[in-house]
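Undergrad: One structure is given below, represented as C-alpha cells, and several questions about it will come after.
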Amino acid sequence: MSCFRKDAGISEEELLAVVEKLNQDPDIDGFIVQLPLPDHLDEHKITLAIDPSKDVDGFHPVNIGRMALGLPCYLPATPCGIVQMLSRYDIPTSGKEVVVIGRSNIVGTPISILLSRKDKVGNATVTLCHSRTTDLLEHTRRADIIIASVGRPNTVTADMVKEGVVIIDVGINRVEDSEAAKGYRLVGDVDFEGVSAKASYITPVPGGVGQMTVVSLLMNTFSASKREIYG
Ligand SMILES: NC(=O)c1ccc[n+]([C@@H]2O[C@H](COP(=O)([O-])OP(=O)(O)OC[C@H]3O[C@@H](n4cnc5c(N)ncnc54)[C@H](OP(=O)(O)O)[C@@H]3O)[C@@H](O)[C@H]2O)c1
C-alpha cells in the first residue's frame, strides 16, 4: 500500500499525470484521490481521469451509472458501508420510509439510489432532503430510517423522529470542548443523547459510519485485486 502526498499547490496537469501513471501501473489494483481537492483543481476532471476498473472510491461516472442500473461496480464507500450495516443487523428496508438528509454525490445521492433499487437491501420508499426542503420535520417524523449527511450538529433532534426509528449518522463535526485534549470533540449530525432514547438503532460518531467507510474501501480494493468486476 502506498500514499502519495502532494503539495496543495499541485497543478491540474501534474495531478492528472499522477493519476495516469497509477492507471497504467500493472502493480496497482486500485487507488483513490482523496477529496476534497483545493479550489484550483477540477474535481470532476480528476475523477473522470481515473480508470473505472481502478476507481475503488466508486466515484467515476461509469461506476455511478452501473450502480444506478444495478450492474456490478465499485459502490461508493460510505453508502456501501451503510448498506452493509443495514444488512448485517438485519434491518428491513423493503417498503420502509427512508429519509436521507443531504444530497452529496458521495453519500446522499448514491445511498438514496441504492435503497430505492430492487435489491436485498433496497425496495424502500426514499425521500431525499436538502437545504431547500421546506418542511424537514414533516419528512423525518414519518421516517422508519433516517440517514443524515449534512455536516451540521443537531440537525436531527428527538422531537423530529418517531419511536423505533433507525438512525444512520454520517456527519462528522468538530465542536469546541475545553476538557478534550485537542480542544474539540467529534459529533455527528444527530443529537445522540436525545434521539437514542427513541431509536431502535443509532450509529455513534465517532465509531460508526466512518469505520464502515474504511472497511468498504478495503472491500472494493480486495475486489479490484481479484479482478471481480472488470476482469
Ligand atoms: N463518516 C464518513 O465516512 C463520512 C463520509 C462522507 C462525509 N462525511 C461527513 O458527512 C457530512 C456531510 O458530507 P457530504 O459530503 O455528504 O455532504 P456535503 O457535500 O457537505 O453537503 C451537505 C448536504 O447537506 C444539505 N444541507 C445543508 N443544510 C441542510 C439543512 N438545514 N437541511 C437539510 N439539508 C441540508 C446540503 O443541501 P444542498 O445540496 O441544498 O446544499 C447538502 O446536500 C460532513 O460532516 C462530512 O464530513 C462522513
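Convention: chains lettered A, B, ... in C-alpha cells order; per-chain residue numbering from 1; ligands numbered from 1 as shown.
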What do you get as a count of residues only if you pick all residues at most 7 Å from ligand 1, counting only C-alpha atoms and all ligand atoms?
TA: 27
Undergrad: From a DSSP pass on the backbone, collect the residues of region 122-223 of chain A flagged as strand (DSSP E) and hand them back as a list of chain:residue names.
TA: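 Output for region 122-223 of chain A, strand (DSSP E) only: A:Thr125, A:Val126, A:Thr127, A:Leu128, A:Cys129, A:Ile145, A:Ile146, A:Ile147, A:Ala148, A:Val166, A:Ile167, A:Ile168, A:Asp169, A:Asn173, A:Arg174, A:Val175, A:Glu176, A:Tyr184, A:Arg185, A:Leu186, A:Val187, A:Tyr201, A:Ile202.
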Undergrad: For the selection just defined, write its residues with C-alpha atoms to a file, as a PDB file, in the first residue's frame.
TA:
```pdb
ATOM      1  CA  THR A 125     -39.548   4.475  -0.439  1.00  0.00           C
ATOM      2  CA  VAL A 126     -36.833   7.092  -0.313  1.00  0.00           C
ATOM      3  CA  THR A 127     -37.182  10.828   0.251  1.00  0.00           C
ATOM      4  CA  LEU A 128     -34.061  12.876  -0.412  1.00  0.00           C
ATOM      5  CA  CYS A 129     -33.996  16.108   1.603  1.00  0.00           C
ATOM      6  CA  ILE A 145     -34.907   5.021   8.745  1.00  0.00           C
ATOM      7  CA  ILE A 146     -33.092   8.382   8.714  1.00  0.00           C
ATOM      8  CA  ILE A 147     -29.694   8.826   7.104  1.00  0.00           C
ATOM      9  CA  ALA A 148     -28.156  12.202   7.966  1.00  0.00           C
ATOM     10  CA  VAL A 166     -33.289   3.622  12.796  1.00  0.00           C
ATOM     11  CA  ILE A 167     -30.654   6.364  12.647  1.00  0.00           C
ATOM     12  CA  ILE A 168     -27.558   6.324  10.470  1.00  0.00           C
ATOM     13  CA  ASP A 169     -25.459   9.365  11.356  1.00  0.00           C
ATOM     14  CA  ASN A 173     -18.416  17.777  13.074  1.00  0.00           C
ATOM     15  CA  ARG A 174     -15.912  19.348  15.431  1.00  0.00           C
ATOM     16  CA  VAL A 175     -17.373  21.090  18.443  1.00  0.00           C
ATOM     17  CA  GLU A 176     -15.330  23.038  20.963  1.00  0.00           C
ATOM     18  CA  TYR A 184     -12.630  19.844  20.479  1.00  0.00           C
ATOM     19  CA  ARG A 185     -14.581  16.610  20.133  1.00  0.00           C
ATOM     20  CA  LEU A 186     -16.308  14.978  17.200  1.00  0.00           C
ATOM     21  CA  VAL A 187     -20.087  14.742  16.962  1.00  0.00           C
ATOM     22  CA  TYR A 201     -30.744   1.552  16.349  1.00  0.00           C
ATOM     23  CA  ILE A 202     -28.415   4.535  16.140  1.00  0.00           C
TER      24      ILE A 202
END
```
Undergrad: As an exercise, work out the distance from CA of Met219 (chain A) to CA of Val98 (chain A) in Å and give it to one decimal place.
TA: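 Between CA of Met219 (chain A) and CA of Val98 (chain A) the gap is 25.5 Å.
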Undergrad: Compare A:Leu69, A:Val19, A:Val195, A:Ile32 by their minimum atom-to-atom distance to Ala49 (chain A), counting only C-alpha atoms, and give me the closest one.
TA: A:Val19
Undergrad: What does the structure give for the distance between CA of Glu43 (chain A) and CA of Glu13 (chain A), in Å to one decimal?
TA: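 If I compute the distance from CA of Glu43 (chain A) to CA of Glu13 (chain A), I get 12.8 Å.
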Undergrad: Report as a ChimeraX atom specification: the residues of region 43-141 of chain A with a DSSP assignment of alpha helix (DSSP H), based on the backbone of this structure.
TA: /A:43-49,61-69,77-88,108-116,136-140
Undergrad: One decimal, Å: what's the distance from CA of Ile28 (chain A) over to CA of Gly9 (chain A), could you say?
TA: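 Between CA of Ile28 (chain A) and CA of Gly9 (chain A) the gap works out to 25.3 Å.
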Undergrad: Fewer than 5 positions away in the same chain doesn't count, so skip those; otherwise give me all residues within 8 Å of Arg141 (chain A), counting only C-alpha atoms, as JSON, numbers by chain.
TA: {"A": [160, 161, 162]}
Undergrad: For the selection just defined, write its residues with N, CA, C and O atoms to a file, as a tab-separated table (two decimals), in the first residue's frame.
TA:
```
chain	number	residue	atom	x	y	z
A	160	MET	N	-37.97	15.34	16.32
A	160	MET	CA	-38.14	15.18	14.86
A	160	MET	C	-38.34	13.73	14.44
A	160	MET	O	-38.53	13.47	13.25
A	161	VAL	N	-38.25	12.79	15.38
A	161	VAL	CA	-38.27	11.38	14.98
A	161	VAL	C	-39.36	10.61	15.72
A	161	VAL	O	-39.80	11.01	16.80
A	162	LYS	N	-39.76	9.47	15.10
A	162	LYS	CA	-40.76	8.65	15.79
A	162	LYS	C	-40.08	7.55	16.59
A	162	LYS	O	-38.91	7.24	16.37
```
Undergrad: Give me the residues within 7 Å of Ala143 (chain A) as a PyMOL selection string, counting only C-alpha atoms and dropping any in the same chain fewer than 4 places off.
TA: chain A and resi 97-99+139+165
Undergrad: Which of these, A:Gly207, A:Gly58, A:Gly65, A:Gly30, has the shortest distance to Arg227 (chain A) once you count only C-alpha atoms?
TA: A:Gly30
Undergrad: Choose the residue, out of A:Val83, A:Val18, A:Ile10, A:Ala68, that has the smallest atom-to-atom separation from His40 (chain A); count only C-alpha atoms.
TA: A:Ile10
Undergrad: What's around Leu15 (chain A) at 12 Å? Count only C-alpha atoms, leave out sequence neighbours fewer than 3 positions away in its own chain, and write the answer as a list in words.
TA: Phe4, Arg5, Lys6, Asp7, Ala8, Gly9, Ile10, Ser11, Glu12, Val18, Val19, Glu20, Lys21, Leu22, Val33, Gln34, Leu37, Pro38, His40, Leu41, Asp42, Glu43, Lys45, Ile46, Thr47, Ala49 and Ile50 of chain A
Undergrad: Just C-alpha atoms for this one: save the residues we selected as a PDB file, in the first residue's frame.
TA:
```pdb
ATOM      1  CA  PHE A   4       1.445   9.807  -2.489  1.00  0.00           C
ATOM      2  CA  ARG A   5       1.298  13.134  -0.667  1.00  0.00           C
ATOM      3  CA  LYS A   6       1.337  16.126  -2.989  1.00  0.00           C
ATOM      4  CA  ASP A   7       1.679  19.802  -2.255  1.00  0.00           C
ATOM      5  CA  ALA A   8      -1.686  21.636  -2.117  1.00  0.00           C
ATOM      6  CA  GLY A   9      -0.383  23.867  -4.917  1.00  0.00           C
ATOM      7  CA  ILE A  10      -0.010  20.970  -7.376  1.00  0.00           C
ATOM      8  CA  SER A  11      -1.194  21.862 -10.882  1.00  0.00           C
ATOM      9  CA  GLU A  12      -4.022  20.012 -12.618  1.00  0.00           C
ATOM     10  CA  VAL A  18      -0.018  11.026 -11.303  1.00  0.00           C
ATOM     11  CA  VAL A  19      -3.456   9.554 -11.968  1.00  0.00           C
ATOM     12  CA  GLU A  20      -2.417   8.360 -15.418  1.00  0.00           C
ATOM     13  CA  LYS A  21       0.733   6.745 -14.016  1.00  0.00           C
ATOM     14  CA  LEU A  22      -1.360   4.814 -11.489  1.00  0.00           C
ATOM     15  CA  VAL A  33      -7.695  10.597  -4.952  1.00  0.00           C
ATOM     16  CA  GLN A  34      -8.521  11.965  -1.505  1.00  0.00           C
ATOM     17  CA  LEU A  37      -9.326  18.954  -3.651  1.00  0.00           C
ATOM     18  CA  PRO A  38      -8.007  22.524  -3.435  1.00  0.00           C
ATOM     19  CA  HIS A  40      -7.971  25.441  -8.282  1.00  0.00           C
ATOM     20  CA  LEU A  41      -8.361  21.745  -9.191  1.00  0.00           C
ATOM     21  CA  ASP A  42     -11.424  20.474 -11.061  1.00  0.00           C
ATOM     22  CA  GLU A  43     -12.706  17.527  -9.010  1.00  0.00           C
ATOM     23  CA  LYS A  45     -11.920  16.280 -14.317  1.00  0.00           C
ATOM     24  CA  ILE A  46      -9.667  14.366 -11.925  1.00  0.00           C
ATOM     25  CA  THR A  47     -12.359  11.788 -11.103  1.00  0.00           C
ATOM     26  CA  ALA A  49      -9.373  10.590 -15.441  1.00  0.00           C
ATOM     27  CA  ILE A  50      -9.332   7.572 -13.096  1.00  0.00           C
TER      28      ILE A  50
END
```
Undergrad: Residues near Ser94 (chain A), anyone? I mean within 8 Å using only C-alpha atoms, not counting same-chain ones fewer than 5 positions away, as a ChimeraX atom specification.
TA: /A:121-124
Undergrad: Could you give me, as a compact mmCIF listing (two decimals) with all heavy atoms, in the first residue's frame, the residues within 12 Å of Asp27 (chain A), counting only C-alpha atoms and dropping anything in the same chain fewer than 6 positions from it?
TA:
```txt
# COMPACT_ATOMS: atom_id res chain seq x y z
N MET A 1 0.85 -1.19 0.00
CA MET A 1 0.00 0.00 0.00
C MET A 1 0.90 1.25 0.00
O MET A 1 1.88 1.28 0.72
CB MET A 1 -0.90 0.00 1.23
CG MET A 1 -1.97 1.02 1.17
SD MET A 1 -3.47 0.54 2.04
CE MET A 1 -2.91 0.51 3.74
N SER A 2 0.55 2.24 -0.82
CA SER A 2 1.35 3.46 -0.88
C SER A 2 0.46 4.68 -0.72
O SER A 2 -0.73 4.64 -1.07
CB SER A 2 2.04 3.58 -2.24
OG SER A 2 2.77 2.43 -2.51
N LYS A 21 -0.34 7.69 -14.36
CA LYS A 21 0.73 6.75 -14.02
C LYS A 21 0.14 5.56 -13.23
O LYS A 21 0.47 4.40 -13.48
CB LYS A 21 1.79 7.48 -13.18
CG LYS A 21 3.09 6.77 -13.10
CD LYS A 21 4.20 7.70 -12.61
CE LYS A 21 5.43 6.88 -12.30
NZ LYS A 21 5.91 7.03 -10.95
N LYS A 54 -10.08 0.78 -11.68
CA LYS A 54 -9.23 1.02 -10.50
C LYS A 54 -9.87 2.01 -9.53
O LYS A 54 -9.27 2.37 -8.52
CB LYS A 54 -7.85 1.53 -10.93
CG LYS A 54 -7.05 0.49 -11.72
CD LYS A 54 -5.61 0.92 -11.91
CE LYS A 54 -4.82 -0.16 -12.63
NZ LYS A 54 -3.38 0.15 -12.69
N ALA A 224 -10.96 -5.41 -6.43
CA ALA A 224 -10.16 -4.98 -7.58
C ALA A 224 -8.97 -5.91 -7.78
O ALA A 224 -8.61 -6.27 -8.91
CB ALA A 224 -9.67 -3.55 -7.38
N SER A 225 -8.36 -6.34 -6.66
CA SER A 225 -7.18 -7.21 -6.77
C SER A 225 -7.57 -8.57 -7.37
O SER A 225 -6.76 -9.23 -7.99
CB SER A 225 -6.52 -7.40 -5.41
OG SER A 225 -7.29 -8.26 -4.60
```
